[in-house]
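Peer 1: Pasting in a structure now, in structure tokens, and then I'll have a few things to ask.
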Amino acid sequence: MRRNRLFIVSLTIVLIVTLVPGDGKIAGNYIDKVVHFIVFLLLSINIAYKFQNSEALMRALFAAIILGYLTEIAQQFIPGRNMDIYDGLADTLGIIAGYFIYQRKGKRIDKAMLKLRA
């Protein structure tokens, strides 16, 4: 159950960051790409933590990549936001990086999550 809470929190953060109407000032800025990369990296780590060695892990990571591109498509209909393929690329790279970070540092991440009671 704890793994579900953390996953839901990270998914909520992704949806807020990507779908809340904006003022258009950050669009096209490299900081926007960094934010996309980081929130999807954290989502990926949480997916890997939630599913660990289960068969559903790769399906969940692929679904997260699809989510990144779907949020980009949705952004063209949100005031102050725009669709940007490079944001989708940053999302995908964040998912891939998060997966590899968890593969290398999974035991340390698990211990930290247990301390946080996540």
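Residues are referred to by chain and number: the chain letter is A, B, ... according to the order shown in the structure tokens, the number counts from 1 in that chain, and ligands are numbered separately from 1 in the order shown.
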Can you list, as a PyMOL selection string, every protein, DNA or RNA residue that comes within 12 Å of A:Ile16 when you count only C-alpha atoms, leaving out same-chain residues fewer than 6 positions away?

Peer 2: chain A and resi 9-10+22+35-36+39+71+75

Peer 1: What lies within 10 Å of A:Ile96 using only C-alpha atoms, ignoring chain neighbours under 3 positions off, as a PyMOL selection string?

Peer 2: chain A and resi 37+40-41+44-45+61-62+65+90-93+99-101

Peer 1: Provide the atom CA of A:Ala112 to atom CA of A:Gly88 distance in Å, to one decimal place.

Peer 2: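 One can read the atom CA of A:Ala112 to atom CA of A:Gly88 distance as 29.3 Å.
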
Peer 1: Considering only C-alpha atoms, can you say which of A:Ile66, A:Met113, A:Leu19, A:Ile31 comes closest to A:Gly80?

Peer 2: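 Ranking A:Ile66, A:Met113, A:Leu19, A:Ile31 by distance to A:Gly80, first place goes to A:Leu19.
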
Peer 1: Between atom CA of A:Ile95 and atom CA of A:Leu43, what is the distance in Å, rounded to a tenth?

Peer 2: 7.3 Å

Peer 1: Counting only C-alpha atoms, what is within 12 Å of A:Gln103, bar same-chain residues fewer than 5 positions away, as a ChimeraX atom specification?

Peer 2: /A:44-45,47-49,52-53,57,96-98,108-110

Peer 1: With C-alpha atoms retained, export the selected residues as a PDB file, in the first residue's frame.

Peer 2:
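Contents of the output file again12.pdb:
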```
ATOM      1  CA  SER A  44      10.122   6.481 -13.188  1.00  0.00           C
ATOM      2  CA  ILE A  45      11.965   5.828  -9.928  1.00  0.00           C
ATOM      3  CA  ILE A  47       7.343   3.129 -10.862  1.00  0.00           C
ATOM      4  CA  ALA A  48      10.476   1.004 -10.471  1.00  0.00           C
ATOM      5  CA  TYR A  49      10.053   1.084  -6.680  1.00  0.00           C
ATOM      6  CA  GLN A  52      10.422  -3.691  -8.794  1.00  0.00           C
ATOM      7  CA  ASN A  53      11.054  -7.044 -10.494  1.00  0.00           C
ATOM      8  CA  LEU A  57       7.516  -2.917 -14.698  1.00  0.00           C
ATOM      9  CA  ILE A  96      14.851   6.032 -19.023  1.00  0.00           C
ATOM     10  CA  ALA A  97      17.275   7.736 -16.620  1.00  0.00           C
ATOM     11  CA  GLY A  98      15.033   7.009 -13.634  1.00  0.00           C
ATOM     12  CA  ARG A 108      19.695   2.426  -1.313  1.00  0.00           C
ATOM     13  CA  ILE A 109      16.448   3.901  -2.617  1.00  0.00           C
ATOM     14  CA  ASP A 110      14.448   1.108  -0.956  1.00  0.00           C
TER      15      ASP A 110
END
```

Peer 1: Let me make sure I understand: among A:Lys111, A:Phe51, A:Leu42, A:Tyr86, which one has the smallest atom-to-atom distance to A:Val14 if we use only C-alpha atoms?

Peer 2: A:Leu42

Peer 1: Could you name the residues that touch A:Arg81 at 9 Å or less, counting only C-alpha atoms, but leaving out those on the same chain fewer than 3 positions away, as a PDB file with N, CA and C atoms, in the first residue's frame?

Peer 2:
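So the final result, stored in out_23.pdb, reads:
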```pdb
ATOM      1  N   THR A  18       2.420  19.332 -15.825  1.00  0.00           N
ATOM      2  CA  THR A  18       2.248  19.313 -17.275  1.00  0.00           C
ATOM      3  C   THR A  18       0.899  19.842 -17.758  1.00  0.00           C
ATOM      4  N   LEU A  19      -0.126  19.861 -16.903  1.00  0.00           N
ATOM      5  CA  LEU A  19      -1.453  20.198 -17.405  1.00  0.00           C
ATOM      6  C   LEU A  19      -2.096  21.447 -16.815  1.00  0.00           C
ATOM      7  N   VAL A  20      -1.483  22.069 -15.837  1.00  0.00           N
ATOM      8  CA  VAL A  20      -2.043  23.297 -15.272  1.00  0.00           C
ATOM      9  C   VAL A  20      -1.810  24.446 -16.252  1.00  0.00           C
ATOM     10  N   PRO A  21      -2.840  25.266 -16.499  1.00  0.00           N
ATOM     11  CA  PRO A  21      -2.643  26.406 -17.411  1.00  0.00           C
ATOM     12  C   PRO A  21      -1.488  27.289 -16.951  1.00  0.00           C
ATOM     13  N   GLY A  22      -0.776  27.841 -17.918  1.00  0.00           N
ATOM     14  CA  GLY A  22       0.378  28.673 -17.603  1.00  0.00           C
ATOM     15  C   GLY A  22       0.231  30.051 -18.189  1.00  0.00           C
ATOM     16  N   ASP A  23       1.267  30.839 -17.999  1.00  0.00           N
ATOM     17  CA  ASP A  23       1.262  32.191 -18.555  1.00  0.00           C
ATOM     18  C   ASP A  23       2.055  32.272 -19.861  1.00  0.00           C
ATOM     19  N   GLY A  24       2.625  31.149 -20.281  1.00  0.00           N
ATOM     20  CA  GLY A  24       3.352  31.106 -21.537  1.00  0.00           C
ATOM     21  C   GLY A  24       4.777  31.610 -21.460  1.00  0.00           C
ATOM     22  N   ALA A  27       7.497  28.644 -21.631  1.00  0.00           N
ATOM     23  CA  ALA A  27       7.494  27.814 -22.842  1.00  0.00           C
ATOM     24  C   ALA A  27       8.710  28.137 -23.709  1.00  0.00           C
ATOM     25  N   GLN A  75      -1.587  19.642 -24.042  1.00  0.00           N
ATOM     26  CA  GLN A  75      -1.161  21.017 -23.766  1.00  0.00           C
ATOM     27  C   GLN A  75      -1.546  22.000 -24.864  1.00  0.00           C
ATOM     28  N   GLN A  76      -1.744  21.519 -26.073  1.00  0.00           N
ATOM     29  CA  GLN A  76      -2.131  22.443 -27.137  1.00  0.00           C
ATOM     30  C   GLN A  76      -3.542  22.989 -26.929  1.00  0.00           C
ATOM     31  N   PHE A  77      -4.305  22.378 -26.025  1.00  0.00           N
ATOM     32  CA  PHE A  77      -5.666  22.824 -25.741  1.00  0.00           C
ATOM     33  C   PHE A  77      -5.768  23.563 -24.405  1.00  0.00           C
ATOM     34  N   ILE A  78      -4.653  23.756 -23.715  1.00  0.00           N
ATOM     35  CA  ILE A  78      -4.632  24.392 -22.394  1.00  0.00           C
ATOM     36  C   ILE A  78      -4.091  25.804 -22.544  1.00  0.00           C
TER      37      ILE A  78
END
```

Peer 1: To one decimal in Å, tell me the separation between atom CA of A:Leu6 and atom CA of A:Ile85.

Peer 2: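 Distance between the two atoms: 27.8 Å.
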
Peer 1: Per DSSP on the backbone, what are the alpha helix (DSSP H) residues of chain A, as number ranges by chain?

Peer 2: A: 2-19, 30-51, 56-75, 85-116

Peer 1: With distances taken over only C-alpha atoms, which residue among A:Asn46, A:Arg104, A:Asn82, A:Ile38 lies nearest A:Phe7?

Peer 2: A:Asn46
